[in-house]
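A.B. asks: work-v3.pdb is the file, holding PDB, C-alpha atoms, pLDDT in the B column:
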```
ATOM      1  CA  LEU A   1      72.388 130.508  85.939  1.00 50.00           C
ATOM      2  CA  GLN A   2      71.028 129.923  82.459  1.00 57.00           C
ATOM      3  CA  ALA A   3      71.752 133.551  81.565  1.00 54.00           C
ATOM      4  CA  ALA A   4      75.323 133.057  82.770  1.00 51.00           C
ATOM      5  CA  HIS A   5      75.508 129.888  80.683  1.00 51.00           C
ATOM      6  CA  THR A   6      74.679 131.817  77.511  1.00 54.00           C
ATOM      7  CA  VAL A   7      77.728 133.969  78.207  1.00 47.00           C
ATOM      8  CA  LYS A   8      80.073 131.177  79.297  1.00 60.00           C
ATOM      9  CA  LYS A   9      79.000 127.939  77.624  1.00 69.00           C
ATOM     10  CA  ASP A  10      82.059 125.825  78.440  1.00 83.00           C
ATOM     11  CA  ASP A  11      82.260 126.233  82.200  1.00 90.00           C
ATOM     12  CA  PRO A  12      81.870 122.758  83.775  1.00 92.00           C
ATOM     13  CA  LEU A  13      81.133 124.225  87.208  1.00 91.00           C
ATOM     14  CA  LEU A  14      78.343 126.399  85.835  1.00 91.00           C
ATOM     15  CA  LEU A  15      76.876 123.458  83.936  1.00 93.00           C
ATOM     16  CA  TRP A  16      77.065 121.369  87.115  1.00 94.00           C
ATOM     17  CA  ALA A  17      75.290 124.128  89.064  1.00 92.00           C
ATOM     18  CA  ILE A  18      72.414 124.254  86.560  1.00 93.00           C
ATOM     19  CA  GLY A  19      72.129 120.465  86.649  1.00 94.00           C
ATOM     20  CA  SER A  20      72.250 120.498  90.441  1.00 94.00           C
ATOM     21  CA  LEU A  21      69.468 123.074  90.598  1.00 92.00           C
ATOM     22  CA  ALA A  22      67.339 120.981  88.239  1.00 93.00           C
ATOM     23  CA  MET A  23      67.904 117.906  90.426  1.00 93.00           C
ATOM     24  CA  LEU A  24      67.004 119.887  93.526  1.00 87.00           C
ATOM     25  CA  HIS A  25      63.652 120.572  91.854  1.00 85.00           C
ATOM     26  CA  GLY A  26      63.234 116.905  90.928  1.00 88.00           C
ATOM     27  CA  ASN A  27      63.775 117.327  87.201  1.00 93.00           C
ATOM     28  CA  ALA A  28      66.313 114.748  86.039  1.00 94.00           C
ATOM     29  CA  GLU A  29      65.316 115.189  82.392  1.00 93.00           C
ATOM     30  CA  VAL A  30      66.446 118.826  82.483  1.00 94.00           C
ATOM     31  CA  ALA A  31      69.505 118.038  84.615  1.00 96.00           C
ATOM     32  CA  VAL A  32      71.013 115.286  82.454  1.00 96.00           C
ATOM     33  CA  PRO A  33      72.056 117.336  79.385  1.00 95.00           C
ATOM     34  CA  TYR A  34      73.798 119.958  81.559  1.00 94.00           C
ATOM     35  CA  LEU A  35      75.507 117.299  83.657  1.00 97.00           C
ATOM     36  CA  GLN A  36      76.574 115.361  80.579  1.00 96.00           C
ATOM     37  CA  GLN A  37      78.174 118.520  79.167  1.00 95.00           C
ATOM     38  CA  SER A  38      79.883 119.157  82.496  1.00 95.00           C
ATOM     39  CA  PHE A  39      81.158 115.572  82.506  1.00 96.00           C
ATOM     40  CA  LYS A  40      82.575 115.914  78.982  1.00 96.00           C
ATOM     41  CA  LEU A  41      84.510 118.995  80.069  1.00 95.00           C
ATOM     42  CA  ASP A  42      85.613 117.568  83.435  1.00 95.00           C
ATOM     43  CA  PRO A  43      85.345 113.745  83.275  1.00 95.00           C
ATOM     44  CA  LYS A  44      87.179 113.075  86.535  1.00 95.00           C
ATOM     45  CA  ASN A  45      85.124 115.341  88.783  1.00 96.00           C
ATOM     46  CA  PRO A  46      83.532 113.025  91.374  1.00 97.00           C
ATOM     47  CA  ARG A  47      80.723 115.493  92.165  1.00 95.00           C
ATOM     48  CA  VAL A  48      79.674 115.553  88.514  1.00 97.00           C
ATOM     49  CA  ILE A  49      79.799 111.753  88.272  1.00 97.00           C
ATOM     50  CA  TRP A  50      77.767 111.407  91.477  1.00 97.00           C
ATOM     51  CA  LEU A  51      75.068 113.877  90.447  1.00 97.00           C
ATOM     52  CA  LEU A  52      74.880 112.500  86.914  1.00 97.00           C
ATOM     53  CA  GLY A  53      74.570 109.009  88.415  1.00 97.00           C
ATOM     54  CA  ASP A  54      71.735 110.267  90.624  1.00 97.00           C
ATOM     55  CA  ALA A  55      69.971 111.695  87.581  1.00 97.00           C
ATOM     56  CA  TYR A  56      70.386 108.425  85.694  1.00 96.00           C
ATOM     57  CA  ALA A  57      69.086 106.502  88.729  1.00 96.00           C
ATOM     58  CA  ASP A  58      66.047 108.761  88.857  1.00 94.00           C
ATOM     59  CA  LEU A  59      65.369 108.094  85.169  1.00 93.00           C
ATOM     60  CA  ALA A  60      66.064 104.350  85.470  1.00 92.00           C
ATOM     61  CA  TYR A  61      64.097 103.549  88.596  1.00 90.00           C
ATOM     62  CA  ARG A  62      61.590 106.328  89.199  1.00 79.00           C
ATOM     63  CA  ARG A  63      60.589 107.622  85.773  1.00 72.00           C
ATOM     64  CA  ASN A  64      61.191 104.980  83.140  1.00 65.00           C
ATOM     65  CA  GLU A  65      61.308 101.670  84.975  1.00 64.00           C
ATOM     66  CA  GLY A  66      60.459  98.926  82.534  1.00 63.00           C
ATOM     67  CA  SER A  67      60.962 101.150  79.503  1.00 70.00           C
ATOM     68  CA  SER A  68      63.516 100.526  76.788  1.00 73.00           C
ATOM     69  CA  ASN A  69      65.643 103.373  78.186  1.00 85.00           C
ATOM     70  CA  SER A  70      65.689 101.955  81.714  1.00 88.00           C
ATOM     71  CA  ALA A  71      68.415  99.375  81.016  1.00 88.00           C
ATOM     72  CA  HIS A  72      70.606 102.051  79.433  1.00 91.00           C
ATOM     73  CA  TYR A  73      70.236 104.338  82.440  1.00 94.00           C
ATOM     74  CA  GLN A  74      70.915 101.448  84.829  1.00 94.00           C
ATOM     75  CA  ARG A  75      74.174 100.701  82.983  1.00 95.00           C
ATOM     76  CA  MET A  76      75.176 104.351  83.323  1.00 96.00           C
ATOM     77  CA  VAL A  77      74.428 104.249  87.055  1.00 97.00           C
ATOM     78  CA  ASN A  78      76.534 101.114  87.485  1.00 97.00           C
ATOM     79  CA  GLU A  79      79.418 102.668  85.544  1.00 97.00           C
ATOM     80  CA  GLY A  80      79.313 105.729  87.794  1.00 97.00           C
ATOM     81  CA  LEU A  81      79.258 103.604  90.949  1.00 98.00           C
ATOM     82  CA  ALA A  82      82.147 101.443  89.709  1.00 98.00           C
ATOM     83  CA  TRP A  83      84.223 104.542  88.907  1.00 98.00           C
ATOM     84  CA  MET A  84      83.516 106.019  92.327  1.00 98.00           C
ATOM     85  CA  ALA A  85      84.361 102.771  94.115  1.00 98.00           C
ATOM     86  CA  GLN A  86      87.666 102.599  92.229  1.00 98.00           C
ATOM     87  CA  HIS A  87      88.722 106.214  92.709  1.00 98.00           C
ATOM     88  CA  TYR A  88      87.079 107.104  96.052  1.00 97.00           C
ATOM     89  CA  PRO A  89      86.765 103.854  98.022  1.00 97.00           C
ATOM     90  CA  ASN A  90      85.479 104.114 101.571  1.00 93.00           C
ATOM     91  CA  SER A  91      84.540 107.763 101.062  1.00 98.00           C
ATOM     92  CA  PRO A  92      81.376 109.490 102.280  1.00 98.00           C
ATOM     93  CA  LEU A  93      80.678 110.420  98.653  1.00 98.00           C
ATOM     94  CA  LEU A  94      80.607 106.759  97.601  1.00 98.00           C
ATOM     95  CA  HIS A  95      78.192 105.883 100.424  1.00 98.00           C
ATOM     96  CA  VAL A  96      75.924 108.843  99.640  1.00 98.00           C
ATOM     97  CA  PHE A  97      75.932 107.846  95.963  1.00 98.00           C
ATOM     98  CA  ARG A  98      75.052 104.254  96.843  1.00 98.00           C
ATOM     99  CA  GLY A  99      72.347 105.504  99.210  1.00 98.00           C
ATOM    100  CA  ASP A 100      70.854 107.677  96.482  1.00 97.00           C
ATOM    101  CA  VAL A 101      70.730 104.740  94.072  1.00 97.00           C
ATOM    102  CA  TYR A 102      69.148 102.448  96.654  1.00 97.00           C
ATOM    103  CA  ALA A 103      66.605 105.154  97.484  1.00 96.00           C
ATOM    104  CA  ALA A 104      65.729 105.530  93.789  1.00 94.00           C
ATOM    105  CA  ARG A 105      65.210 101.757  93.674  1.00 94.00           C
ATOM    106  CA  LYS A 106      62.995 102.017  96.775  1.00 94.00           C
ATOM    107  CA  ALA A 107      65.425  99.795  98.685  1.00 96.00           C
ATOM    108  CA  THR A 108      64.834 101.758 101.863  1.00 97.00           C
ATOM    109  CA  LEU A 109      66.885  99.822 104.425  1.00 98.00           C
ATOM    110  CA  PRO A 110      70.064  99.579 102.293  1.00 98.00           C
ATOM    111  CA  ALA A 111      69.732 103.298 101.458  1.00 98.00           C
ATOM    112  CA  LEU A 112      69.369 104.134 105.143  1.00 98.00           C
ATOM    113  CA  ARG A 113      72.481 102.103 106.021  1.00 98.00           C
ATOM    114  CA  GLU A 114      74.559 103.849 103.359  1.00 98.00           C
ATOM    115  CA  TYR A 115      73.478 107.314 104.520  1.00 98.00           C
ATOM    116  CA  GLN A 116      74.182 106.418 108.153  1.00 98.00           C
ATOM    117  CA  ILE A 117      77.691 105.253 107.231  1.00 98.00           C
ATOM    118  CA  ALA A 118      78.286 108.498 105.330  1.00 98.00           C
ATOM    119  CA  LEU A 119      77.029 110.542 108.285  1.00 98.00           C
ATOM    120  CA  LYS A 120      79.448 108.788 110.653  1.00 98.00           C
ATOM    121  CA  MET A 121      82.303 109.484 108.255  1.00 98.00           C
ATOM    122  CA  ASP A 122      81.325 113.123 107.672  1.00 97.00           C
ATOM    123  CA  PRO A 123      78.834 114.587 110.184  1.00 96.00           C
ATOM    124  CA  ASP A 124      78.774 117.865 108.235  1.00 95.00           C
ATOM    125  CA  TRP A 125      77.666 116.374 104.925  1.00 95.00           C
ATOM    126  CA  PRO A 126      74.713 118.496 103.700  1.00 93.00           C
ATOM    127  CA  ASP A 127      71.177 117.091 103.873  1.00 95.00           C
ATOM    128  CA  LEU A 128      72.021 113.680 105.323  1.00 97.00           C
ATOM    129  CA  HIS A 129      69.709 114.265 108.272  1.00 98.00           C
ATOM    130  CA  LEU A 130      66.929 115.093 105.802  1.00 97.00           C
ATOM    131  CA  LEU A 131      67.601 111.967 103.745  1.00 97.00           C
ATOM    132  CA  ILE A 132      67.789 109.719 106.809  1.00 98.00           C
ATOM    133  CA  GLY A 133      64.703 111.306 108.359  1.00 98.00           C
ATOM    134  CA  SER A 134      62.717 110.835 105.140  1.00 96.00           C
ATOM    135  CA  LEU A 135      63.633 107.149 105.032  1.00 97.00           C
ATOM    136  CA  ASP A 136      62.780 106.720 108.718  1.00 97.00           C
ATOM    137  CA  GLU A 137      59.387 108.244 107.882  1.00 96.00           C
ATOM    138  CA  ILE A 138      58.848 105.672 105.118  1.00 95.00           C
ATOM    139  CA  LEU A 139      59.672 102.934 107.641  1.00 96.00           C
ATOM    140  CA  ASP A 140      57.222 104.430 110.203  1.00 95.00           C
ATOM    141  CA  ARG A 141      60.100 105.068 112.600  1.00 97.00           C
ATOM    142  CA  TRP A 142      58.487 108.255 113.812  1.00 96.00           C
ATOM    143  CA  ASP A 143      60.813 109.080 116.713  1.00 96.00           C
ATOM    144  CA  ASP A 144      63.915 108.561 114.575  1.00 97.00           C
ATOM    145  CA  ALA A 145      62.416 110.574 111.731  1.00 97.00           C
ATOM    146  CA  GLN A 146      61.500 113.415 114.064  1.00 96.00           C
ATOM    147  CA  ARG A 147      64.994 113.531 115.562  1.00 97.00           C
ATOM    148  CA  GLU A 148      66.754 113.556 112.182  1.00 98.00           C
ATOM    149  CA  LEU A 149      64.444 116.160 110.660  1.00 97.00           C
ATOM    150  CA  GLN A 150      64.800 118.406 113.707  1.00 97.00           C
ATOM    151  CA  LEU A 151      68.578 118.193 113.306  1.00 97.00           C
ATOM    152  CA  GLN A 152      68.213 119.148 109.631  1.00 97.00           C
ATOM    153  CA  ILE A 153      66.094 122.184 110.540  1.00 96.00           C
ATOM    154  CA  LYS A 154      68.513 123.164 113.294  1.00 95.00           C
ATOM    155  CA  GLU A 155      71.347 123.179 110.754  1.00 94.00           C
ATOM    156  CA  ASN A 156      69.214 124.711 107.949  1.00 92.00           C
ATOM    157  CA  PRO A 157      66.281 126.650 109.453  1.00 89.00           C
ATOM    158  CA  GLY A 158      64.916 127.637 106.041  1.00 86.00           C
ATOM    159  CA  ASP A 159      64.851 124.120 104.552  1.00 91.00           C
ATOM    160  CA  THR A 160      61.265 123.824 103.318  1.00 91.00           C
ATOM    161  CA  ARG A 161      61.725 120.139 102.486  1.00 91.00           C
ATOM    162  CA  ALA A 162      62.582 119.357 106.104  1.00 94.00           C
ATOM    163  CA  LEU A 163      59.758 121.571 107.391  1.00 94.00           C
ATOM    164  CA  VAL A 164      57.274 119.677 105.225  1.00 93.00           C
ATOM    165  CA  GLU A 165      58.657 116.248 106.144  1.00 94.00           C
ATOM    166  CA  LEU A 166      58.612 117.047 109.871  1.00 96.00           C
ATOM    167  CA  GLY A 167      55.114 118.489 109.511  1.00 94.00           C
ATOM    168  CA  VAL A 168      53.995 115.216 107.949  1.00 93.00           C
ATOM    169  CA  VAL A 169      55.606 113.240 110.781  1.00 96.00           C
ATOM    170  CA  TYR A 170      53.814 115.379 113.360  1.00 95.00           C
ATOM    171  CA  GLU A 171      50.507 114.992 111.519  1.00 94.00           C
ATOM    172  CA  ARG A 172      50.857 111.219 111.325  1.00 93.00           C
ATOM    173  CA  THR A 173      51.675 110.989 115.022  1.00 94.00           C
ATOM    174  CA  GLY A 174      48.693 113.106 116.088  1.00 94.00           C
ATOM    175  CA  HIS A 175      50.534 116.369 116.788  1.00 94.00           C
ATOM    176  CA  ASN A 176      48.322 118.391 114.481  1.00 94.00           C
ATOM    177  CA  GLN A 177      48.976 121.844 115.933  1.00 93.00           C
ATOM    178  CA  GLU A 178      52.742 121.436 115.520  1.00 93.00           C
ATOM    179  CA  ALA A 179      52.184 120.023 112.020  1.00 92.00           C
ATOM    180  CA  VAL A 180      50.080 123.008 110.921  1.00 93.00           C
ATOM    181  CA  GLY A 181      52.686 125.470 112.211  1.00 91.00           C
ATOM    182  CA  LEU A 182      55.503 123.817 110.284  1.00 92.00           C
ATOM    183  CA  LEU A 183      53.496 123.388 107.084  1.00 89.00           C
ATOM    184  CA  GLU A 184      52.361 127.015 107.158  1.00 89.00           C
ATOM    185  CA  LYS A 185      55.981 128.084 107.573  1.00 89.00           C
ATOM    186  CA  ALA A 186      56.968 125.897 104.616  1.00 87.00           C
ATOM    187  CA  ILE A 187      54.261 127.441 102.420  1.00 86.00           C
ATOM    188  CA  GLN A 188      55.324 130.958 103.431  1.00 85.00           C
ATOM    189  CA  ARG A 189      58.878 130.154 102.394  1.00 80.00           C
ATOM    190  CA  ASP A 190      57.987 128.323  99.198  1.00 71.00           C
ATOM    191  CA  ARG A 191      54.616 128.844  97.513  1.00 65.00           C
ATOM    192  CA  GLN A 192      55.403 125.947  95.167  1.00 59.00           C
ATOM    193  CA  SER A 193      55.418 123.486  98.095  1.00 51.00           C
ATOM    194  CA  TYR A 194      52.252 121.694  97.050  1.00 45.00           C
ATOM    195  CA  LYS A 195      52.890 118.827  99.454  1.00 51.00           C
ATOM    196  CA  ALA A 196      52.665 121.299 102.334  1.00 47.00           C
ATOM    197  CA  GLU A 197      49.297 122.592 101.097  1.00 47.00           C
TER     198      GLU A 197
END
```
Render the structure in this file as structure tokens.

C.D. replies:
Amino acid sequence: LQAAHTVKKDDPLLLWAIGSLAMLHGNAEVAVPYLQQSFKLDPKNPRVIWLLGDAYADLAYRRNEGSSNSAHYQRMVNEGLAWMAQHYPNSPLLHVFRGDVYAARKATLPALREYQIALKMDPDWPDLHLLIGSLDEILDRWDDAQRELQLQIKENPGDTRALVELGVVYERTGHNQEAVGLLEKAIQRDRQSYKAE
């Protein structure tokens, strides 16, 4: 993607894709400049505003909480949420965005509610079972977490994140053999999955 970007520097979709990939790997610092460029080129694209808001939330609440930059990032998150609420009210995208922000703030129950609303509105929304299952795991709702993560794996058999999360659920509930099988599969698929190791 970065090679393609050197050829076509002003493609908002390409910039969004690079930012999305960086966010997928948990690197908001790398994602933000690409997403900001994408936003400048396409300022009314709700997917760009959502993902940029997620990156700002990550920087505000996970990385720099209490720093001088945190308040700035929080303002940017709130602006993104306000824009989404105005232009896409009662949409799955708005609820996913809100859920992401709550999750970044470690407000687990509100995040879970937002994701569940989004899932009811759009059962095919990618990764909602993973997000819900991960929050159920945090809340020690093992049966719920297991069900959601199994649904994620059924829909995306190669999802190493879901394999790891379900492996952790199995390990914490005493199903060690099942846990080892899933974690080994996750490592085979992604050698960078340190959590699995």

A.B. asks: Quick one: pull the distance between CA of Pro126 in chain A and CA of Gln152 in chain A, Å, one decimal.

C.D. replies: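 Computed distance, CA of Pro126 in chain A to CA of Gln152 in chain A, equals 8.8 Å.
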
A.B. asks: Tell me which protein, DNA and RNA residues are within 12 Å of Ala60 in chain A, counting all atoms listed in the file, leaving out same-chain ones fewer than 3 positions away, and put them as an MDAnalysis selection string.

C.D. replies: chainID A and resid 28:29 53:57 63:78 101:102 104:106

A.B. asks: State, in Å with one decimal place, the distance from CA of Leu52 in chain A to CA of Val32 in chain A.

C.D. replies: 6.5 Å

A.B. asks: Smallest atom-to-atom distance to Ile187 in chain A: which of A:Pro123, A:Gly26, A:Pro33, A:Gly158, using only C-alpha atoms?

C.D. replies: A:Gly158

A.B. asks: Find the residue from A:Ser91, A:Gln116, A:Asn156, A:Thr173 that sits nearest to Asp140 in chain A; use all atoms listed in the file when measuring.

C.D. replies: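 Nearest candidate to Asp140 in chain A out of A:Ser91, A:Gln116, A:Asn156, A:Thr173: A:Thr173.
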
A.B. asks: Between CA of Tyr115 in chain A and CA of Gly99 in chain A, what is the spacing in Å?

C.D. replies: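 Taking CA of Gly99 in chain A and CA of Tyr115 in chain A, their separation equals 5.7 Å.
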
A.B. asks: Ranking A:Met121, A:Ala31, A:Met84, A:Val168 by minimum distance to Leu15 in chain A and counting all atoms listed in the file, which one comes first?

C.D. replies: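 Of A:Met121, A:Ala31, A:Met84, A:Val168, the one nearest Leu15 in chain A, counting all atoms listed in the file, is A:Ala31.
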
A.B. asks: Could you list as a PyMOL selection string every residue that has an atom within 12 Å of (52.5, 125.5, 108.6), using the file's coordinates and counting all atoms listed in the file?

C.D. replies: chain A and resi 160+163-168+170-171+176-191+193+195-197

A.B. asks: With all atoms listed in the file as the atoms that count, which of A:His87, A:Arg62, A:Arg113, A:His25 lies nearest to Lys44 in chain A?

C.D. replies: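 Comparing A:His87, A:Arg62, A:Arg113, A:His25 against Lys44 in chain A, the winner is A:His87.
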
A.B. asks: Report as a PyMOL selection string all protein, DNA and RNA residues lying within 12 Å of range 39-43 of chain A, evaluated on all atoms listed in the file, omitting residues in the same chain fewer than 5 positions from it.

C.D. replies: chain A and resi 9-16+19+32-34+48-53+80+83

A.B. asks: Please save C-alpha atoms of the selected residues as a CSV table (one decimal), in the frame of the given file.

C.D. replies:
```
chain,number,residue,atom,x,y,z
A,9,LYS,CA,79.0,127.9,77.6
A,10,ASP,CA,82.1,125.8,78.4
A,11,ASP,CA,82.3,126.2,82.2
A,12,PRO,CA,81.9,122.8,83.8
A,13,LEU,CA,81.1,124.2,87.2
A,14,LEU,CA,78.3,126.4,85.8
A,15,LEU,CA,76.9,123.5,83.9
A,16,TRP,CA,77.1,121.4,87.1
A,19,GLY,CA,72.1,120.5,86.6
A,32,VAL,CA,71.0,115.3,82.5
A,33,PRO,CA,72.1,117.3,79.4
A,34,TYR,CA,73.8,120.0,81.6
A,48,VAL,CA,79.7,115.6,88.5
A,49,ILE,CA,79.8,111.8,88.3
A,50,TRP,CA,77.8,111.4,91.5
A,51,LEU,CA,75.1,113.9,90.4
A,52,LEU,CA,74.9,112.5,86.9
A,53,GLY,CA,74.6,109.0,88.4
A,80,GLY,CA,79.3,105.7,87.8
A,83,TRP,CA,84.2,104.5,88.9
```

A.B. asks: Starting from the PyMOL selection byres ((chain A and resi 127) around 10), expand the selection into actual residues of this file and give them as a compact mmCIF listing (two decimals) with C-alpha atoms, in the coordinates of the input.

C.D. replies:
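This is the output file selection_39.txt:
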```txt
# COMPACT_ATOMS: atom_id res chain seq x y z
CA LEU A 119 77.03 110.54 108.28
CA ASP A 124 78.77 117.86 108.24
CA TRP A 125 77.67 116.37 104.92
CA PRO A 126 74.71 118.50 103.70
CA LEU A 128 72.02 113.68 105.32
CA HIS A 129 69.71 114.26 108.27
CA LEU A 130 66.93 115.09 105.80
CA LEU A 131 67.60 111.97 103.74
CA ILE A 132 67.79 109.72 106.81
CA GLY A 133 64.70 111.31 108.36
CA LEU A 149 64.44 116.16 110.66
CA LEU A 151 68.58 118.19 113.31
CA GLN A 152 68.21 119.15 109.63
CA ILE A 153 66.09 122.18 110.54
CA GLU A 155 71.35 123.18 110.75
CA ASN A 156 69.21 124.71 107.95
CA ASP A 159 64.85 124.12 104.55
CA ALA A 162 62.58 119.36 106.10
```

A.B. asks: Can you tell me which residues surround Arg141 in chain A at a distance of at most 12 Å, considering all atoms listed in the file, apart from same-chain residues fewer than 6 positions away, and format the answer as a list in words?

C.D. replies: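 Counting all atoms listed in the file, the residues come to Leu109, Leu112, Ile132, Gly133, Ser134, Leu135, Arg147, Glu148, Val169, Arg172 and Thr173 of chain A.
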
A.B. asks: Output C-alpha atoms of each residue in that selection to a file, as a compact mmCIF listing (two decimals), keeping the file's coordinate frame.

C.D. replies:
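Generated file (selection_24.txt):
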```txt
# COMPACT_ATOMS: atom_id res chain seq x y z
CA LEU A 109 66.89 99.82 104.42
CA LEU A 112 69.37 104.13 105.14
CA ILE A 132 67.79 109.72 106.81
CA GLY A 133 64.70 111.31 108.36
CA SER A 134 62.72 110.84 105.14
CA LEU A 135 63.63 107.15 105.03
CA ARG A 147 64.99 113.53 115.56
CA GLU A 148 66.75 113.56 112.18
CA VAL A 169 55.61 113.24 110.78
CA ARG A 172 50.86 111.22 111.32
CA THR A 173 51.68 110.99 115.02
```
